[in-house]
Amino acid sequence: MFDIEPLNPVVKGHRIVIPREHVTAFPDNPHVSAEAMLYAAHRAKEIGDCNLITSKGKAATQSVFHLHIHIVPRQANDGLALPWNTHSLITEAEARGREAAIEDLKKGTWADENGLWQFSDTHLKDAAR
């Protein structure tokens with residue numbers, strides 16, 4: 001496993017984690033994928049706020065068919081937009097419900113008798129009502 005700076009980094013500090021063993025995409029070899037994610041997680045601790053990004057398939061924007069994980073450092077108001085906007089797929093009420101559900105999770109509101117969070121999409125839909 002190693003990491004390099006890409007030819008065209010999107011921000012300062014952008015790195016790509018690459019396994020030495022050939023794996024086309026992450027589901028093809030979960031063991032190698034897990035090792036790559038572990039390596040990326042350790043690097044991300046050094047970097048601070050960041051996105052970890054990998055893709056599978058052309059429709060998901062995979063253009064290099066060897067597993068790799070982008071580590072993209074982030075700062076508040078850095079202007080770097082991810083290629084999706086989940087709020088366009090859900091109603092404003094659902095978005096507010098999801099935000100409320102996340103706040104409840106942070107407070108432990110949905111914990112079971114063992115203190116483990118019980119969380120599913122049903123909770124999000126119920127919270128949106």
# chains A, B, ... in the order shown; residues from 1 in each chain; ligands from 1
call {"tool": "closest_atom_pairs", "arguments": {"of": "region 17-70 of chain A", "to": "region 76-80 of chain A", "cutoff": "12 Å", "atoms": "only C-alpha atoms", "output": "tab-separated table"}}
result
residue	atom	partner	partner_atom	distance
A:Asp49	CA	A:Ala76	CA	9.3
A:Cys50	CA	A:Ala76	CA	10.7
A:Asn51	CA	A:Leu80	CA	10.8
call {"tool": "residues_around", "arguments": {"residues": "Pro73 (chain A)", "least_positions_apart": "5", "cutoff": "12 Å", "atoms": "only C-alpha atoms", "output": "ChimeraX atom specification"}}
result
/A:9-16,43-53,78,80
call {"tool": "atom_distance", "arguments": {"atom1": "CA of Pro27 (chain A)", "atom2": "CA of Lys58 (chain A)"}}
result
14.7 Å
call {"tool": "atom_distance", "arguments": {"atom1": "CA of Glu5 (chain A)", "atom2": "CA of Ala40 (chain A)"}}
result
13.2 Å
call {"tool": "atom_distance", "arguments": {"atom1": "CA of Ala60 (chain A)", "atom2": "CA of Ser33 (chain A)"}}
result
17.1 Å
call {"tool": "select_by_dssp", "arguments": {"residues": "region 9-48 of chain A", "states": "alpha helix (DSSP H)", "output": "VMD selection string"}}
result
chain A and resid 30 to 47
call {"tool": "closest_residue", "arguments": {"among": "A:Ala81, A:Val72, A:Leu67, A:Ile102", "to": "Asn29 (chain A)", "atoms": "only C-alpha atoms"}}
result
A:Leu67
